[in-house]
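S.K.: Input final16.cif, format and content: mmCIF, C-alpha atoms.
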```cif
data_upload
loop_
_atom_site.label_atom_id
_atom_site.label_comp_id
_atom_site.auth_asym_id
_atom_site.auth_seq_id
_atom_site.Cartn_x
_atom_site.Cartn_y
_atom_site.Cartn_z
CA MET A 1 -268.42 -5.62 86.89
CA LEU A 2 -267.74 -8.49 84.50
CA HIS A 3 -269.97 -6.80 81.93
CA GLN A 4 -267.90 -3.60 82.24
CA HIS A 5 -264.62 -5.49 81.66
CA ARG A 6 -266.11 -7.17 78.60
CA LEU A 7 -267.12 -3.79 77.17
CA HIS A 8 -263.59 -2.38 77.64
CA LEU A 9 -262.10 -5.50 76.08
CA LEU A 10 -264.43 -5.17 73.09
CA ILE A 11 -263.49 -1.50 72.56
CA LEU A 12 -259.79 -2.33 72.80
CA SER A 13 -260.17 -5.19 70.33
CA LEU A 14 -262.04 -3.02 67.82
CA SER A 15 -259.45 -0.24 68.14
CA SER A 16 -256.60 -2.71 67.61
CA LEU A 17 -258.38 -4.16 64.59
CA ALA A 18 -258.82 -0.67 63.10
CA VAL A 19 -255.15 0.20 63.59
CA VAL A 20 -254.01 -3.10 62.06
CA SER A 21 -256.35 -2.54 59.10
CA LEU A 22 -255.02 0.98 58.46
CA LEU A 23 -251.42 -0.21 58.66
CA SER A 24 -252.06 -3.10 56.32
CA LEU A 25 -254.08 -1.13 53.78
CA GLY A 26 -252.22 2.23 53.92
CA PRO A 27 -248.55 3.14 53.77
CA SER A 28 -246.21 1.93 56.48
CA LEU A 29 -245.14 4.19 59.34
CA ARG A 30 -241.64 4.21 57.91
CA GLU A 31 -242.95 5.48 54.56
CA ILE A 32 -244.99 8.19 56.25
CA VAL A 33 -241.98 9.40 58.25
CA ALA A 34 -239.76 9.22 55.17
CA PHE A 35 -242.23 11.37 53.22
CA PHE A 36 -242.89 14.01 55.87
CA TRP A 37 -239.52 14.22 57.65
CA PRO A 38 -238.37 17.43 55.84
CA LEU A 39 -241.58 19.19 56.89
CA LEU A 40 -241.34 17.90 60.45
CA LEU A 41 -237.68 18.91 60.72
CA SER A 42 -238.20 22.41 59.29
CA THR A 43 -241.18 22.96 61.59
CA ALA A 44 -239.14 21.89 64.61
CA LEU A 45 -236.27 24.19 63.63
CA PHE A 46 -238.67 27.10 63.06
CA LEU A 47 -240.32 26.64 66.46
CA SER A 48 -236.90 26.39 68.10
CA ALA A 49 -235.78 29.61 66.40
CA VAL A 50 -238.95 31.43 67.47
CA ALA A 51 -238.45 30.26 71.05
CA ALA A 52 -234.82 31.42 71.00
CA PHE A 53 -235.70 34.83 69.53
CA ALA A 54 -238.46 35.23 72.10
CA LYS A 55 -235.85 34.95 74.85
CA LEU A 56 -233.04 36.89 73.14
CA SER A 57 -235.05 39.58 71.35
CA PRO A 58 -238.62 40.23 72.50
CA ASP A 59 -238.65 43.32 70.25
CA LEU A 60 -238.09 41.18 67.14
CA LEU A 61 -240.90 38.87 68.19
CA ASP A 62 -243.18 41.91 68.48
CA ARG A 63 -242.19 42.97 64.98
CA ILE A 64 -242.97 39.51 63.60
CA ARG A 65 -246.34 39.66 65.34
CA ASN A 66 -247.02 43.08 63.85
CA VAL A 67 -246.05 42.04 60.33
CA VAL A 68 -248.53 39.18 60.59
CA ARG A 69 -251.18 41.74 61.54
CA SER A 70 -250.21 43.81 58.52
CA ILE A 71 -250.52 40.80 56.24
CA VAL A 72 -254.03 40.17 57.59
CA LEU A 73 -254.88 43.81 56.82
CA ASP A 74 -253.53 43.38 53.30
CA ILE A 75 -255.63 40.28 52.71
CA SER A 76 -258.75 42.06 53.94
CA ASP A 77 -257.87 44.92 51.58
CA GLN A 78 -257.49 42.47 48.65
CA ARG A 79 -253.84 43.28 48.09
CA LEU A 80 -251.38 41.03 46.29
CA PRO A 81 -249.39 38.34 48.20
CA SER A 82 -246.16 39.60 46.62
CA ILE A 83 -246.10 42.41 49.18
CA TYR A 84 -245.45 39.99 52.06
CA LEU A 85 -241.68 39.88 51.60
CA ASP A 86 -241.52 43.67 51.36
CA ARG A 87 -243.63 43.96 54.52
CA TYR A 88 -241.32 41.61 56.45
CA ARG A 89 -238.24 43.50 55.27
CA ASN A 90 -239.94 46.79 56.12
CA HIS A 91 -241.00 45.77 59.63
CA CYS A 92 -237.71 44.12 60.63
CA ALA A 93 -235.61 47.11 59.57
CA ASP A 94 -235.39 50.44 61.30
CA SER A 95 -236.63 53.40 59.29
CA SER A 96 -233.92 55.99 58.57
CA SER A 97 -236.34 58.81 57.75
CA LEU A 98 -237.17 61.75 60.03
CA VAL A 99 -240.08 64.07 60.75
CA MET A 100 -240.51 67.26 62.77
CA GLY A 101 -243.03 70.06 63.15
CA TRP A 102 -246.68 70.57 64.00
CA LEU A 103 -247.70 66.92 64.32
CA ARG A 104 -248.87 64.47 66.97
CA PHE A 105 -249.85 60.81 66.50
CA LEU A 106 -249.87 57.35 68.10
CA GLU A 107 -248.23 54.13 66.97
CA ILE A 108 -249.73 51.30 69.04
CA ASP A 109 -248.96 52.52 72.60
CA ARG A 110 -246.18 54.96 71.67
CA LYS A 111 -246.99 58.66 71.43
CA TYR A 112 -245.10 60.92 69.01
CA ASP A 113 -245.56 64.50 70.18
CA CYS A 114 -243.55 66.52 67.68
CA ILE A 115 -245.49 69.67 68.64
CA ARG A 116 -243.87 69.68 72.08
CA ASN A 117 -240.42 70.06 70.47
CA LEU A 118 -241.05 71.58 67.06
CA ASN A 119 -237.42 71.58 65.92
CA THR A 120 -236.53 68.09 67.14
CA ALA A 121 -236.25 65.19 64.68
CA TYR A 122 -238.38 62.12 65.35
CA PRO A 123 -237.99 58.79 63.49
CA ILE A 124 -240.84 57.96 61.13
CA PRO A 125 -242.56 54.76 62.36
CA VAL A 126 -241.88 51.56 60.49
CA GLN A 127 -245.39 50.24 61.20
CA VAL A 128 -247.27 52.98 59.39
CA GLU A 129 -250.42 50.84 59.22
CA LEU A 130 -250.67 51.11 62.99
CA VAL A 131 -250.44 54.91 63.14
CA GLU A 132 -253.62 56.56 64.41
CA ASP A 133 -255.00 59.66 66.18
CA ILE A 134 -253.13 62.05 63.86
CA VAL A 135 -253.40 65.68 64.98
CA SER A 136 -251.89 68.71 63.27
CA VAL A 137 -252.38 72.44 62.81
CA ALA A 138 -249.72 72.72 60.10
CA HIS A 139 -250.29 74.71 56.91
CA TYR A 140 -248.31 72.38 54.64
CA ILE A 141 -245.85 69.47 54.46
CA LEU A 142 -242.32 69.98 53.17
CA VAL A 143 -240.28 66.99 51.98
CA VAL A 144 -236.52 67.54 51.66
CA GLU A 145 -234.14 65.16 49.97
CA LYS A 146 -231.18 65.42 52.32
CA GLU A 147 -230.67 65.21 56.05
CA THR A 148 -228.20 68.11 55.95
CA VAL A 149 -230.96 70.41 54.66
CA PHE A 150 -233.37 68.96 57.25
CA GLN A 151 -230.90 69.75 60.05
CA ARG A 152 -230.35 73.28 58.68
CA LEU A 153 -234.10 73.89 58.80
CA ALA A 154 -234.22 72.52 62.34
CA ASN A 155 -231.41 74.82 63.45
CA ASP A 156 -233.21 77.78 61.86
CA LYS A 157 -236.48 76.83 63.64
CA PHE A 158 -238.19 76.65 60.28
CA CYS A 159 -241.23 74.66 61.49
CA GLU A 160 -241.87 77.04 64.35
CA THR A 161 -241.72 80.08 62.06
CA ASN A 162 -243.61 78.64 59.09
CA HIS A 163 -246.14 76.40 60.85
CA CYS A 164 -245.39 73.26 58.84
CA ILE A 165 -244.29 69.62 58.96
CA VAL A 166 -240.88 68.68 57.51
CA ILE A 167 -239.94 65.16 56.38
CA THR A 168 -236.72 63.72 54.98
CA GLY A 169 -236.14 60.26 53.53
CA ARG A 170 -232.36 60.79 53.65
CA GLY A 171 -232.04 60.32 49.90
CA TYR A 172 -234.25 57.78 48.15
CA PRO A 173 -237.24 57.24 50.47
CA ASP A 174 -238.01 53.83 51.89
CA VAL A 175 -241.48 52.28 51.99
CA SER A 176 -242.26 53.65 55.46
CA THR A 177 -241.47 57.24 54.44
CA ARG A 178 -243.65 57.10 51.35
CA ARG A 179 -246.55 55.43 53.16
CA PHE A 180 -246.30 57.90 56.02
CA LEU A 181 -246.36 60.89 53.66
CA ARG A 182 -249.36 59.42 51.85
CA LEU A 183 -251.11 58.85 55.17
CA LEU A 184 -250.55 62.46 56.27
CA THR A 185 -251.81 63.94 53.01
CA ASP A 186 -254.89 61.71 53.11
CA LYS A 187 -255.76 62.41 56.75
CA LEU A 188 -254.76 66.07 57.04
CA HIS A 189 -255.56 67.25 53.48
CA LEU A 190 -252.46 69.43 53.42
CA PRO A 191 -250.44 70.47 50.36
CA ALA A 192 -247.07 68.73 50.05
CA TYR A 193 -243.95 70.33 48.56
CA CYS A 194 -240.65 68.66 47.67
CA LEU A 195 -237.16 70.16 47.67
CA VAL A 196 -234.33 68.22 45.98
CA ASP A 197 -230.89 68.80 44.46
CA CYS A 198 -230.79 70.10 40.91
CA ASP A 199 -229.46 66.91 39.35
CA PRO A 200 -231.01 63.82 37.70
CA TYR A 201 -230.94 61.83 40.94
CA GLY A 202 -232.72 64.56 42.88
CA LEU A 203 -235.43 64.68 40.25
CA ASP A 204 -235.68 60.88 40.35
CA ILE A 205 -236.29 61.06 44.11
CA LEU A 206 -239.06 63.58 43.47
CA MET A 207 -240.61 61.20 40.92
CA THR A 208 -240.41 58.36 43.44
CA TYR A 209 -242.59 60.33 45.85
CA ARG A 210 -245.11 61.25 43.17
CA PHE A 211 -245.25 58.14 40.95
CA GLY A 212 -243.74 55.31 43.01
CA THR A 213 -241.35 52.69 41.62
CA MET A 214 -241.66 49.86 39.14
CA GLN A 215 -240.41 47.42 41.78
CA MET A 216 -243.46 48.12 43.94
CA ALA A 217 -245.99 49.03 41.26
CA TYR A 218 -248.50 46.62 42.84
CA ASP A 219 -248.64 48.86 45.93
CA THR A 220 -248.62 52.22 44.16
CA LYS A 221 -251.99 53.23 45.57
CA PHE A 222 -250.55 53.44 49.08
CA LEU A 223 -247.04 54.68 48.24
CA ARG A 224 -247.44 57.61 45.86
CA VAL A 225 -248.52 61.20 46.47
CA PRO A 226 -249.89 62.55 43.16
CA GLU A 227 -250.49 65.99 44.67
CA ILE A 228 -246.87 66.66 45.62
CA ARG A 229 -245.39 69.83 44.10
CA TRP A 230 -241.80 70.48 43.11
CA ILE A 231 -240.52 73.78 44.52
CA GLY A 232 -236.87 73.35 43.51
CA ALA A 233 -234.16 73.44 42.90
CA PHE A 234 -234.78 74.29 39.21
CA PRO A 235 -231.97 74.64 36.64
CA SER A 236 -233.06 78.25 36.12
CA ASP A 237 -232.49 78.96 39.84
CA SER A 238 -228.75 79.17 39.17
CA GLU A 239 -229.33 82.38 37.18
CA LYS A 240 -232.25 83.67 39.23
CA TYR A 241 -230.21 83.54 42.45
CA CYS A 242 -226.86 84.38 40.83
CA LEU A 243 -224.93 81.24 41.77
CA SER A 244 -221.20 81.49 41.22
CA ALA A 245 -219.43 79.27 38.70
CA GLN A 246 -217.79 77.39 41.57
CA CYS A 247 -221.23 76.16 42.70
CA LEU A 248 -222.08 74.64 39.30
CA LEU A 249 -220.80 71.14 38.62
CA PRO A 250 -220.59 69.57 35.14
CA LEU A 251 -222.93 66.66 34.49
CA LYS A 252 -221.02 63.39 34.51
CA PRO A 253 -221.59 60.72 31.83
CA GLU A 254 -223.66 58.68 34.30
CA ASP A 255 -225.76 61.80 35.06
CA LYS A 256 -226.51 62.28 31.37
CA LYS A 257 -227.31 58.60 30.93
CA LYS A 258 -229.66 58.74 33.93
CA ALA A 259 -231.42 61.86 32.62
CA GLU A 260 -231.84 60.42 29.12
CA ALA A 261 -233.38 57.25 30.53
CA MET A 262 -235.76 59.30 32.70
CA LEU A 263 -236.95 61.28 29.67
CA LEU A 264 -238.32 58.04 28.21
CA ARG A 265 -240.81 57.63 31.07
CA CYS A 266 -244.30 58.04 29.70
CA TYR A 267 -245.70 59.88 32.75
CA LEU A 268 -243.25 62.74 32.21
CA HIS A 269 -244.94 63.43 28.88
CA ARG A 270 -248.52 62.85 30.01
CA GLU A 271 -248.76 64.13 33.59
CA VAL A 272 -245.85 66.50 34.30
CA PRO A 273 -244.58 67.90 30.98
CA ARG A 274 -243.02 70.89 32.80
CA TRP A 275 -240.85 68.51 34.80
CA ARG A 276 -239.68 67.02 31.51
CA LEU A 277 -238.83 70.50 30.17
CA GLU A 278 -236.77 71.25 33.28
CA LEU A 279 -234.90 67.97 32.89
CA GLU A 280 -234.21 68.74 29.22
CA ASN A 281 -233.04 72.20 30.29
CA MET A 282 -230.63 70.60 32.74
CA LEU A 283 -229.21 68.41 29.98
CA GLN A 284 -228.80 71.36 27.63
CA ARG A 285 -226.99 73.41 30.26
CA GLY A 286 -224.79 70.45 31.13
CA VAL A 287 -224.48 71.48 34.78
CA LYS A 288 -225.97 70.58 38.14
CA PHE A 289 -225.85 71.98 41.67
CA GLU A 290 -226.77 70.99 45.21
CA LEU A 291 -229.27 72.72 47.46
CA GLU A 292 -226.45 73.91 49.73
CA ALA A 293 -225.14 76.02 46.83
CA LEU A 294 -228.14 78.32 47.26
CA SER A 295 -226.89 79.14 50.75
CA ALA A 296 -223.49 80.35 49.57
CA SER A 297 -224.37 83.96 50.42
CA SER A 298 -226.21 83.18 53.69
CA ILE A 299 -226.32 79.99 55.72
CA SER A 300 -230.04 80.45 56.41
CA PHE A 301 -230.97 81.44 52.86
CA LEU A 302 -233.08 78.31 52.26
CA SER A 303 -235.20 78.70 55.39
CA GLU A 304 -235.47 82.50 55.46
CA VAL A 305 -235.76 83.37 51.76
CA TYR A 306 -235.87 80.56 49.21
CA ILE A 307 -238.54 78.18 50.56
CA PRO A 308 -240.98 80.84 51.90
CA ALA A 309 -240.74 82.81 48.64
CA LYS A 310 -241.35 79.70 46.54
CA ILE A 311 -244.48 78.77 48.48
CA HIS A 312 -245.96 82.25 48.92
CA SER A 313 -245.45 83.19 45.25
CA GLN A 314 -246.59 79.72 44.13
CA ASP A 315 -243.32 79.27 42.23
CA TYR A 316 -243.63 75.50 42.02
CA ILE A 317 -244.52 72.84 39.45
#
```
Using the file provided, produce a representation of the structure as structure tokens.
M.R.:
Amino acid sequence: MLHQHRLHLLILSLSSLAVVSLLSLGPSLREIVAFFWPLLLSTALFLSAVAAFAKLSPDLLDRIRNVVRSIVLDISDQRLPSIYLDRYRNHCADSSSLVMGWLRFLEIDRKYDCIRNLNTAYPIPVQVELVEDIVSVAHYILVVEKETVFQRLANDKFCETNHCIVITGRGYPDVSTRRFLRLLTDKLHLPAYCLVDCDPYGLDILMTYRFGTMQMAYDTKFLRVPEIRWIGAFPSDSEKYCLSAQCLLPLKPEDKKKAEAMLLRCYLHREVPRWRLELENMLQRGVKFELEALSASSISFLSEVYIPAKIHSQDYI
């Protein structure tokens, strides 16, 4: 018993001696705290915020967890760290884009069964990396610039009649829309067509789908669809479909400036010279028009005549 007490006393003495030695040889506790207090404070605040969000918004906590998973996937895919901020912004925001038609897929535990309601709009998932089990019997994918055109096609039961998938990014597409379109073309091996207004901004949206953006050039591989085809509206469509003068709008100075800047893009000369010619034609004519102008004679002209004729006669670029 005495021997046991002596052993404990010896261990305590050696431990005390080690602590005293470290304190005498190394920096003081006050210096250590003074050096690390910003890190300790920020860590405490971060953990407190996470705990608060976990109680107030479990959905946000799930999104943070999913973005971490996406970052791990990026690292395993040898992608640049600069995408992390874009991923966080992408996962914590709701996608505004829509899809409908002959398509069914899963996102984690949520099932998107567009086939059950062919003419109903479904939101495109934000977490595109987690989409799996994609099933479709569609003949092609149609991308439309505007939600108004998307809704017109839905009202006309375009997907049901033409056996296709329709997507809209509601203007300039976000990251989720572009990744989702790329995923569908890769998995389903379907042709993709794009329908935009006949103005410089519509053509710029088309180029965003095909070539990506300079801001996210590091992630171009996953965000561009090189196979996408432009089916309209072309400047020459105003004469081909006899649009009235009231439907044609003069190009504004900012439109001309936008078009001139776009003509300087090297890929217009190398990869899609016919797109460049159409843009030059638009500048020479000095007018633009919206897709809705094509429906001046019939509200269902786009879905019943224009789009089917463009695809069947291969009148696209």
S.K.: Counting only C-alpha atoms, what is within 9 Å of segment 286-299 of chain A, bar same-chain residues fewer than 3 positions away, as a PyMOL selection string?
M.R.: chain A and resi 146+148-149+152+195-200+232-233+235+237-238+241-244+247-252+256+281-283+302-303+306
S.K.: On this structure, which residues satisfy the PyMOL selection byres ((chain A and resi 208) around 9), written as a VMD selection string?
M.R.: chain A and resid 172 to 173 178 203 to 207 209 to 213 223 to 224
S.K.: Select all residues near (-244.5, 64.1, 69.8) (cut-off 12 Å, inclusive, file coordinates), counting all atoms listed in the file, and output them as a list in words.
M.R.: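 Result, sorted by chain then residue number: Val99, Met100, Gly101, Trp102, Leu103, Arg104, Phe105, Leu106, Glu107, Arg110, Lys111, Tyr112, Asp113, Cys114, Ile115, Arg116, Asn117, Leu118, Asn119, Thr120, Ala121, Tyr122, Pro123, Ile124, Asp133, Ile134, Val135 and Ser136 of chain A.
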S.K.: Within 9 Å of (-251.3, 68.1, 52.0), all atoms listed in the file: residues as a PyMOL selection string?
M.R.: chain A and resi 139-141+181-182+184-193+227-228
S.K.: What does the structure give for the distance between atom CA of Tyr316 of chain A and atom CA of Pro125 of chain A, in Å to one decimal?
M.R.: 29.1 Å
S.K.: For atom CA of Arg179 of chain A and atom CA of His312 of chain A, determine how far apart the two atoms are, in Å to one decimal place.
M.R.: 27.2 Å
S.K.: At what distance in Å, to one decimal, does atom CA of Ile165 of chain A lie from atom CA of Val131 of chain A?
M.R.: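 Atom CA of Ile165 of chain A lies at a distance of 16.5 Å from atom CA of Val131 of chain A.
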S.K.: With all atoms listed in the file as the basis for distance, which of A:Lys240, A:Ser97, A:Leu130, A:Val225 is at the shortest distance from Gly169 of chain A?
M.R.: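 Comparing A:Lys240, A:Ser97, A:Leu130, A:Val225 against Gly169 of chain A, the winner is A:Ser97.
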S.K.: Which residue is closest to His163 of chain A? Choose from A:Ile317, A:Val175, A:Ala138, A:Val126 and count only C-alpha atoms.
M.R.: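 Among A:Ile317, A:Val175, A:Ala138, A:Val126, it is A:Ala138 that comes nearest to His163 of chain A.
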S.K.: Which residue, A:Leu279, A:Cys159, A:Val272, A:Leu153, has the smallest gap to Phe301 of chain A when you use all atoms listed in the file?
M.R.: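 That would be A:Leu153, the residue with the smallest distance to Phe301 of chain A.
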